[in-house]
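Shown below: coords.cif, with mmCIF, N, CA and C atoms.
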data_upload
loop_
_atom_site.label_atom_id
_atom_site.label_comp_id
_atom_site.auth_asym_id
_atom_site.auth_seq_id
_atom_site.Cartn_x
_atom_site.Cartn_y
_atom_site.Cartn_z
N MET A 21 107.33 96.99 123.30
CA MET A 21 107.16 97.94 124.36
C MET A 21 108.40 97.88 125.25
N PRO A 22 109.03 99.02 125.53
CA PRO A 22 110.20 99.02 126.39
C PRO A 22 109.85 98.57 127.81
N LYS A 23 110.86 98.09 128.52
CA LYS A 23 110.64 97.56 129.87
C LYS A 23 110.06 98.63 130.79
N GLN A 24 110.51 99.87 130.66
CA GLN A 24 109.99 100.94 131.52
C GLN A 24 108.49 101.11 131.32
N ALA A 25 108.04 101.08 130.06
CA ALA A 25 106.61 101.23 129.78
C ALA A 25 105.85 100.02 130.32
N ARG A 26 106.42 98.84 130.15
CA ARG A 26 105.77 97.63 130.65
C ARG A 26 105.63 97.70 132.17
N ASP A 27 106.67 98.16 132.84
CA ASP A 27 106.62 98.30 134.30
C ASP A 27 105.62 99.38 134.71
N ALA A 28 105.58 100.48 133.98
CA ALA A 28 104.65 101.57 134.32
C ALA A 28 103.19 101.12 134.17
N LEU A 29 102.93 100.25 133.20
CA LEU A 29 101.57 99.75 132.99
C LEU A 29 101.25 98.54 133.87
N ASN A 30 102.26 98.05 134.59
CA ASN A 30 102.10 96.87 135.44
C ASN A 30 101.68 95.66 134.60
N ALA A 31 102.21 95.57 133.39
CA ALA A 31 101.89 94.47 132.50
C ALA A 31 102.65 93.22 132.92
N LYS A 32 102.04 92.08 132.71
CA LYS A 32 102.65 90.81 133.09
C LYS A 32 103.35 90.13 131.91
N GLY A 33 103.24 90.69 130.74
CA GLY A 33 103.88 90.12 129.57
C GLY A 33 103.42 90.84 128.32
N LYS A 34 103.84 90.32 127.19
CA LYS A 34 103.43 90.91 125.93
C LYS A 34 103.37 89.82 124.87
N THR A 35 102.68 90.11 123.79
CA THR A 35 102.60 89.18 122.68
C THR A 35 102.84 89.94 121.39
N ASP A 36 103.20 89.21 120.38
CA ASP A 36 103.40 89.81 119.06
C ASP A 36 102.17 89.53 118.21
N VAL A 37 101.77 90.53 117.46
CA VAL A 37 100.66 90.40 116.54
C VAL A 37 101.19 90.62 115.14
N TRP A 38 100.83 89.72 114.25
CA TRP A 38 101.26 89.79 112.85
C TRP A 38 100.07 90.25 112.02
N TYR A 39 100.34 91.03 110.99
CA TYR A 39 99.28 91.52 110.11
C TYR A 39 99.39 90.84 108.76
N PHE A 40 98.28 90.26 108.31
CA PHE A 40 98.26 89.51 107.07
C PHE A 40 97.20 90.05 106.13
N ASP A 41 97.43 89.87 104.85
CA ASP A 41 96.39 90.09 103.85
C ASP A 41 95.37 88.97 104.08
N PRO A 42 94.07 89.29 104.13
CA PRO A 42 93.08 88.25 104.42
C PRO A 42 93.04 87.12 103.39
N ASN A 43 93.52 87.37 102.19
CA ASN A 43 93.54 86.32 101.17
C ASN A 43 94.77 85.41 101.29
N ASP A 44 95.73 85.78 102.12
CA ASP A 44 96.93 84.98 102.30
C ASP A 44 96.81 83.93 103.40
N VAL A 45 95.78 84.05 104.24
CA VAL A 45 95.58 83.07 105.31
C VAL A 45 94.61 81.99 104.84
N VAL A 46 94.65 80.86 105.51
CA VAL A 46 93.85 79.71 105.11
C VAL A 46 92.74 79.46 106.12
N LEU A 47 91.54 79.24 105.61
CA LEU A 47 90.43 78.77 106.43
C LEU A 47 90.28 77.28 106.14
N VAL A 48 90.50 76.45 107.15
CA VAL A 48 90.55 75.00 106.96
C VAL A 48 89.15 74.48 106.62
N GLU A 49 89.04 73.81 105.48
CA GLU A 49 87.77 73.24 105.04
C GLU A 49 87.78 71.72 105.06
N ASP A 50 88.89 71.13 105.44
CA ASP A 50 89.00 69.67 105.52
C ASP A 50 88.38 69.20 106.83
N GLU A 51 87.31 68.43 106.74
CA GLU A 51 86.58 67.99 107.93
C GLU A 51 87.41 67.08 108.83
N LYS A 52 88.46 66.50 108.32
CA LYS A 52 89.29 65.60 109.12
C LYS A 52 90.35 66.36 109.93
N SER A 53 90.53 67.62 109.64
CA SER A 53 91.53 68.42 110.33
C SER A 53 91.08 68.72 111.76
N PRO A 54 92.02 68.73 112.72
CA PRO A 54 91.64 69.03 114.11
C PRO A 54 91.22 70.49 114.32
N VAL A 55 91.55 71.39 113.40
CA VAL A 55 91.16 72.80 113.54
C VAL A 55 89.95 73.15 112.67
N TYR A 56 89.27 72.13 112.13
CA TYR A 56 88.10 72.37 111.28
C TYR A 56 86.93 72.86 112.12
N ASP A 57 86.17 73.79 111.56
CA ASP A 57 84.93 74.27 112.16
C ASP A 57 83.93 74.46 111.03
N GLU A 58 82.72 73.94 111.21
CA GLU A 58 81.73 73.99 110.13
C GLU A 58 81.30 75.40 109.76
N ARG A 59 81.56 76.39 110.62
CA ARG A 59 81.19 77.77 110.31
C ARG A 59 82.00 78.36 109.16
N VAL A 60 83.05 77.66 108.75
CA VAL A 60 83.87 78.15 107.64
C VAL A 60 83.07 78.20 106.34
N HIS A 61 81.98 77.46 106.27
CA HIS A 61 81.16 77.42 105.06
C HIS A 61 80.07 78.50 105.06
N ASN A 62 79.95 79.27 106.14
CA ASN A 62 78.97 80.35 106.19
C ASN A 62 79.41 81.50 105.28
N THR A 63 78.48 82.36 104.95
CA THR A 63 78.83 83.56 104.20
C THR A 63 79.17 84.67 105.19
N PHE A 64 79.74 85.76 104.69
CA PHE A 64 80.13 86.86 105.57
C PHE A 64 78.90 87.59 106.11
N ASP A 65 79.09 88.25 107.24
CA ASP A 65 78.04 89.04 107.88
C ASP A 65 78.16 90.49 107.38
N GLU A 66 77.10 90.98 106.76
CA GLU A 66 77.12 92.32 106.16
C GLU A 66 77.39 93.41 107.21
N ALA A 67 76.84 93.27 108.40
CA ALA A 67 77.07 94.27 109.44
C ALA A 67 78.54 94.32 109.85
N LEU A 68 79.18 93.17 109.88
CA LEU A 68 80.60 93.11 110.22
C LEU A 68 81.45 93.75 109.13
N VAL A 69 81.08 93.54 107.88
CA VAL A 69 81.81 94.16 106.76
C VAL A 69 81.69 95.67 106.85
N VAL A 70 80.50 96.17 107.10
CA VAL A 70 80.29 97.62 107.18
C VAL A 70 81.06 98.21 108.35
N SER A 71 81.10 97.50 109.49
CA SER A 71 81.86 98.01 110.63
C SER A 71 83.36 98.07 110.34
N MET A 72 83.85 97.17 109.48
CA MET A 72 85.27 97.21 109.10
C MET A 72 85.55 98.34 108.11
N LEU A 73 84.55 98.65 107.30
CA LEU A 73 84.75 99.66 106.26
C LEU A 73 84.71 101.09 106.80
N TYR A 74 83.90 101.34 107.80
CA TYR A 74 83.69 102.72 108.23
C TYR A 74 83.91 102.88 109.72
N ALA A 75 84.82 103.79 110.07
CA ALA A 75 85.04 104.17 111.45
C ALA A 75 83.94 105.15 111.86
N PRO A 76 83.86 105.50 113.13
CA PRO A 76 82.83 106.45 113.56
C PRO A 76 82.85 107.78 112.82
N ASP A 77 84.01 108.18 112.28
CA ASP A 77 84.04 109.43 111.52
C ASP A 77 83.40 109.28 110.15
N GLY A 78 83.12 108.04 109.74
CA GLY A 78 82.43 107.79 108.48
C GLY A 78 83.31 107.90 107.25
N LYS A 79 84.60 108.07 107.42
CA LYS A 79 85.46 108.29 106.26
C LYS A 79 86.53 107.21 106.09
N THR A 80 87.21 106.87 107.14
CA THR A 80 88.34 105.95 107.04
C THR A 80 87.94 104.53 107.39
N PRO A 81 88.55 103.54 106.78
CA PRO A 81 88.27 102.15 107.16
C PRO A 81 88.73 101.87 108.59
N GLN A 82 87.90 101.19 109.32
CA GLN A 82 88.21 100.87 110.71
C GLN A 82 89.03 99.59 110.83
N GLY A 83 88.76 98.65 109.96
CA GLY A 83 89.50 97.39 109.98
C GLY A 83 89.00 96.42 111.02
N VAL A 84 89.81 95.43 111.31
CA VAL A 84 89.46 94.38 112.25
C VAL A 84 89.91 94.82 113.64
N LEU A 85 88.99 94.86 114.59
CA LEU A 85 89.32 95.35 115.92
C LEU A 85 89.78 94.26 116.87
N LYS A 86 89.25 93.05 116.74
CA LYS A 86 89.61 91.96 117.64
C LYS A 86 90.65 91.07 116.97
N ILE A 87 91.71 90.77 117.70
CA ILE A 87 92.80 89.97 117.16
C ILE A 87 92.35 88.54 116.93
N LEU A 88 92.74 87.98 115.79
CA LEU A 88 92.44 86.60 115.46
C LEU A 88 93.54 85.70 116.01
N VAL A 89 93.24 84.42 116.09
CA VAL A 89 94.23 83.44 116.53
C VAL A 89 94.47 82.47 115.38
N GLY A 90 95.73 82.21 115.11
CA GLY A 90 96.06 81.30 114.03
C GLY A 90 97.30 80.50 114.37
N SER A 91 97.60 79.56 113.51
CA SER A 91 98.81 78.76 113.68
C SER A 91 99.41 78.49 112.30
N ARG A 92 100.68 78.26 112.29
CA ARG A 92 101.37 77.97 111.03
C ARG A 92 101.34 76.47 110.81
N ASN A 93 100.85 76.06 109.65
CA ASN A 93 100.83 74.65 109.29
C ASN A 93 102.24 74.24 108.91
N PRO A 94 102.84 73.27 109.63
CA PRO A 94 104.22 72.90 109.33
C PRO A 94 104.39 72.23 107.97
N GLU A 95 103.35 71.63 107.44
CA GLU A 95 103.45 70.94 106.15
C GLU A 95 103.41 71.91 104.98
N THR A 96 102.51 72.90 105.05
CA THR A 96 102.34 73.83 103.94
C THR A 96 103.05 75.16 104.16
N GLY A 97 103.31 75.51 105.42
CA GLY A 97 103.92 76.80 105.72
C GLY A 97 102.93 77.94 105.74
N LYS A 98 101.66 77.66 105.50
CA LYS A 98 100.63 78.70 105.48
C LYS A 98 100.06 78.91 106.88
N VAL A 99 99.51 80.10 107.11
CA VAL A 99 98.87 80.41 108.38
C VAL A 99 97.41 80.00 108.30
N GLU A 100 96.97 79.18 109.27
CA GLU A 100 95.59 78.73 109.34
C GLU A 100 94.90 79.44 110.49
N ILE A 101 93.75 80.02 110.22
CA ILE A 101 92.99 80.73 111.24
C ILE A 101 92.22 79.72 112.08
N THR A 102 92.40 79.77 113.41
CA THR A 102 91.69 78.86 114.30
C THR A 102 90.60 79.56 115.09
N ASP A 103 90.71 80.87 115.25
CA ASP A 103 89.68 81.66 115.92
C ASP A 103 89.54 82.97 115.17
N GLY A 104 88.38 83.17 114.55
CA GLY A 104 88.14 84.39 113.79
C GLY A 104 87.80 84.13 112.35
N ARG A 105 87.16 83.01 112.08
CA ARG A 105 86.82 82.66 110.70
C ARG A 105 85.85 83.66 110.08
N GLN A 106 84.84 84.08 110.84
CA GLN A 106 83.86 85.03 110.30
C GLN A 106 84.49 86.39 110.06
N ARG A 107 85.40 86.80 110.94
CA ARG A 107 86.10 88.07 110.73
C ARG A 107 86.97 88.00 109.48
N THR A 108 87.55 86.82 109.22
CA THR A 108 88.36 86.66 108.02
C THR A 108 87.51 86.79 106.77
N LEU A 109 86.35 86.14 106.76
CA LEU A 109 85.45 86.23 105.60
C LEU A 109 84.97 87.66 105.39
N ALA A 110 84.62 88.34 106.48
CA ALA A 110 84.16 89.72 106.37
C ALA A 110 85.29 90.64 105.90
N CYS A 111 86.49 90.39 106.37
CA CYS A 111 87.63 91.22 105.96
C CYS A 111 87.95 91.02 104.48
N ARG A 112 87.80 89.80 103.99
CA ARG A 112 88.01 89.55 102.56
C ARG A 112 87.02 90.36 101.73
N GLU A 113 85.77 90.39 102.15
CA GLU A 113 84.75 91.16 101.43
C GLU A 113 85.03 92.66 101.54
N ALA A 114 85.43 93.11 102.73
CA ALA A 114 85.75 94.54 102.91
C ALA A 114 86.90 94.94 102.00
N CYS A 115 87.90 94.08 101.88
CA CYS A 115 89.04 94.39 100.99
C CYS A 115 88.61 94.46 99.54
N ARG A 116 87.70 93.57 99.13
CA ARG A 116 87.19 93.63 97.75
C ARG A 116 86.51 94.97 97.49
N ARG A 117 85.72 95.42 98.44
CA ARG A 117 85.01 96.70 98.27
C ARG A 117 85.97 97.88 98.29
N LEU A 118 86.96 97.83 99.17
CA LEU A 118 87.95 98.92 99.22
C LEU A 118 88.77 98.98 97.94
N LYS A 119 89.09 97.82 97.38
CA LYS A 119 89.86 97.78 96.14
C LYS A 119 89.07 98.43 95.00
N LYS A 120 87.75 98.17 94.97
CA LYS A 120 86.90 98.80 93.94
C LYS A 120 86.92 100.32 94.05
N GLN A 121 87.04 100.82 95.30
CA GLN A 121 87.04 102.26 95.53
C GLN A 121 88.44 102.86 95.36
N GLY A 122 89.44 102.01 95.15
CA GLY A 122 90.80 102.49 95.00
C GLY A 122 91.48 102.82 96.32
N LEU A 123 91.00 102.27 97.41
CA LEU A 123 91.56 102.52 98.73
C LEU A 123 92.43 101.35 99.17
N PRO A 124 93.36 101.58 100.09
CA PRO A 124 94.21 100.49 100.56
C PRO A 124 93.40 99.47 101.37
N PRO A 125 93.79 98.20 101.29
CA PRO A 125 93.04 97.16 102.00
C PRO A 125 93.30 97.19 103.50
N VAL A 126 92.40 96.57 104.25
CA VAL A 126 92.62 96.39 105.68
C VAL A 126 93.35 95.07 105.88
N ARG A 127 94.03 94.94 106.98
CA ARG A 127 94.82 93.74 107.27
C ARG A 127 94.23 93.00 108.47
N LEU A 128 94.52 91.71 108.54
CA LEU A 128 94.07 90.87 109.65
C LEU A 128 95.15 90.84 110.74
N PRO A 129 94.81 91.26 111.96
CA PRO A 129 95.77 91.10 113.06
C PRO A 129 95.67 89.67 113.60
N VAL A 130 96.76 88.91 113.54
CA VAL A 130 96.72 87.50 113.94
C VAL A 130 97.80 87.24 114.97
N HIS A 131 97.39 86.63 116.08
CA HIS A 131 98.32 86.14 117.08
C HIS A 131 98.61 84.69 116.76
N LEU A 132 99.86 84.38 116.46
CA LEU A 132 100.24 83.02 116.08
C LEU A 132 100.56 82.19 117.31
N ARG A 133 99.96 81.00 117.36
CA ARG A 133 100.20 80.06 118.45
C ARG A 133 100.59 78.72 117.89
N ARG A 134 101.27 77.95 118.70
CA ARG A 134 101.58 76.58 118.32
C ARG A 134 100.46 75.69 118.80
N LEU A 135 100.09 74.75 117.97
CA LEU A 135 99.04 73.80 118.36
C LEU A 135 99.64 72.51 118.88
#

Can you turn what I pasted into structure tokens?
Amino acid sequence: MPKQARDALNAKGKTDVWYFDPNDVVLVEDEKSPVYDERVHNTFDEALVVSMLYAPDGKTPQGVLKILVGSRNPETGKVEITDGRQRTLACREACRRLKKQGLPPVRLPVHLRRL
């Protein structure tokens, strides 16, 4: 966003959001990891998948509306999701369904932070 627009909106800052294929990010399943959460073993929520698949017009995929939070693992170089595990699981399922229909997949908006 240009400085003029930032000033016009009275914004105090900005952040960058990266878009990832949901299968390219990692959900940490190692219980010893500091970013582990037991909800990673849950299954996806069908209502969340449907909300990603269909916008109010009923035709186009809506995708993920709330930005996820993740961090880059320095050892593996992969992005690990720290907030938004259920959205990641639902997005993976939505992408599988879109692929069956021959439509482009939805992407995960992720704000990367250092831990």

Would you place a box with edges along x, y and z of the file around all atoms of range 124-131 of chain A listed there, add 5 Å to each of its six sides, and report the centre and edge lengths in Å to one decimal, as AutoDock Vina command-line options?
--center_x 95.5 --center_y 93.1 --center_z 108.6 --size_x 16.2 --size_y 26.9 --size_z 27.0

- [ ] May I have the residues within 12 Å of Asp57 in chain A as a ChimeraX atom specification, using only C-alpha atoms and disregarding those fewer than 5 positions away in the same chain?
- [x] /A:47-52,62,100-106

Answer key for the PyMOL selection byres (((chain A and resi 65-67 and name CA) around 10) and name CA), residues as an mmCIF file with N, CA and C atoms, in the coordinates of the input:
data_model
loop_
_atom_site.group_PDB
_atom_site.id
_atom_site.type_symbol
_atom_site.label_atom_id
_atom_site.label_comp_id
_atom_site.auth_asym_id
_atom_site.auth_seq_id
_atom_site.Cartn_x
_atom_site.Cartn_y
_atom_site.Cartn_z
ATOM 1 N N ASN A 62 79.950 79.270 106.140
ATOM 2 C CA ASN A 62 78.970 80.350 106.190
ATOM 3 C C ASN A 62 79.410 81.500 105.280
ATOM 4 N N THR A 63 78.480 82.360 104.950
ATOM 5 C CA THR A 63 78.830 83.560 104.200
ATOM 6 C C THR A 63 79.170 84.670 105.190
ATOM 7 N N PHE A 64 79.740 85.760 104.690
ATOM 8 C CA PHE A 64 80.130 86.860 105.570
ATOM 9 C C PHE A 64 78.900 87.590 106.110
ATOM 10 N N LEU A 68 79.180 93.170 109.880
ATOM 11 C CA LEU A 68 80.600 93.110 110.220
ATOM 12 C C LEU A 68 81.450 93.750 109.130
ATOM 13 N N VAL A 69 81.080 93.540 107.880
ATOM 14 C CA VAL A 69 81.810 94.160 106.760
ATOM 15 C C VAL A 69 81.690 95.670 106.850
ATOM 16 N N VAL A 70 80.500 96.170 107.100
ATOM 17 C CA VAL A 70 80.290 97.620 107.180
ATOM 18 C C VAL A 70 81.060 98.210 108.350
ATOM 19 N N SER A 71 81.100 97.500 109.490
ATOM 20 C CA SER A 71 81.860 98.010 110.630
ATOM 21 C C SER A 71 83.360 98.070 110.340
ATOM 22 N N MET A 72 83.850 97.170 109.480
ATOM 23 C CA MET A 72 85.270 97.210 109.100
ATOM 24 C C MET A 72 85.550 98.340 108.110
ATOM 25 N N LEU A 73 84.550 98.650 107.300
ATOM 26 C CA LEU A 73 84.750 99.660 106.260
ATOM 27 C C LEU A 73 84.710 101.090 106.800
ATOM 28 N N GLN A 106 84.840 84.080 110.840
ATOM 29 C CA GLN A 106 83.860 85.030 110.300
ATOM 30 C C GLN A 106 84.490 86.390 110.060
ATOM 31 N N ARG A 107 85.400 86.800 110.940
ATOM 32 C CA ARG A 107 86.100 88.070 110.730
ATOM 33 C C ARG A 107 86.970 88.000 109.480
ATOM 34 N N LEU A 109 86.350 86.140 106.760
ATOM 35 C CA LEU A 109 85.450 86.230 105.600
ATOM 36 C C LEU A 109 84.970 87.660 105.390
ATOM 37 N N ALA A 110 84.620 88.340 106.480
ATOM 38 C CA ALA A 110 84.160 89.720 106.370
ATOM 39 C C ALA A 110 85.290 90.640 105.900
ATOM 40 N N GLU A 113 85.770 90.390 102.150
ATOM 41 C CA GLU A 113 84.750 91.160 101.430
ATOM 42 C C GLU A 113 85.030 92.660 101.540
ATOM 43 N N ALA A 114 85.430 93.110 102.730
ATOM 44 C CA ALA A 114 85.750 94.540 102.910
ATOM 45 C C ALA A 114 86.900 94.940 102.000
#

TODO: With a distance cut-off of 6 Å and all atoms listed in the file, select the neighbouring residues of Pro129 in chain A, excluding the residue or stretch itself and same-chain residues fewer than 4 positions from it, and output the selection as a PyMOL selection string.
DONE: chain A and resi 37-40+87-88

Task: Distance of CA of Val89 in chain A from CA of His131 in chain A, expressed in Å to one decimal place - done: 4.9 Å
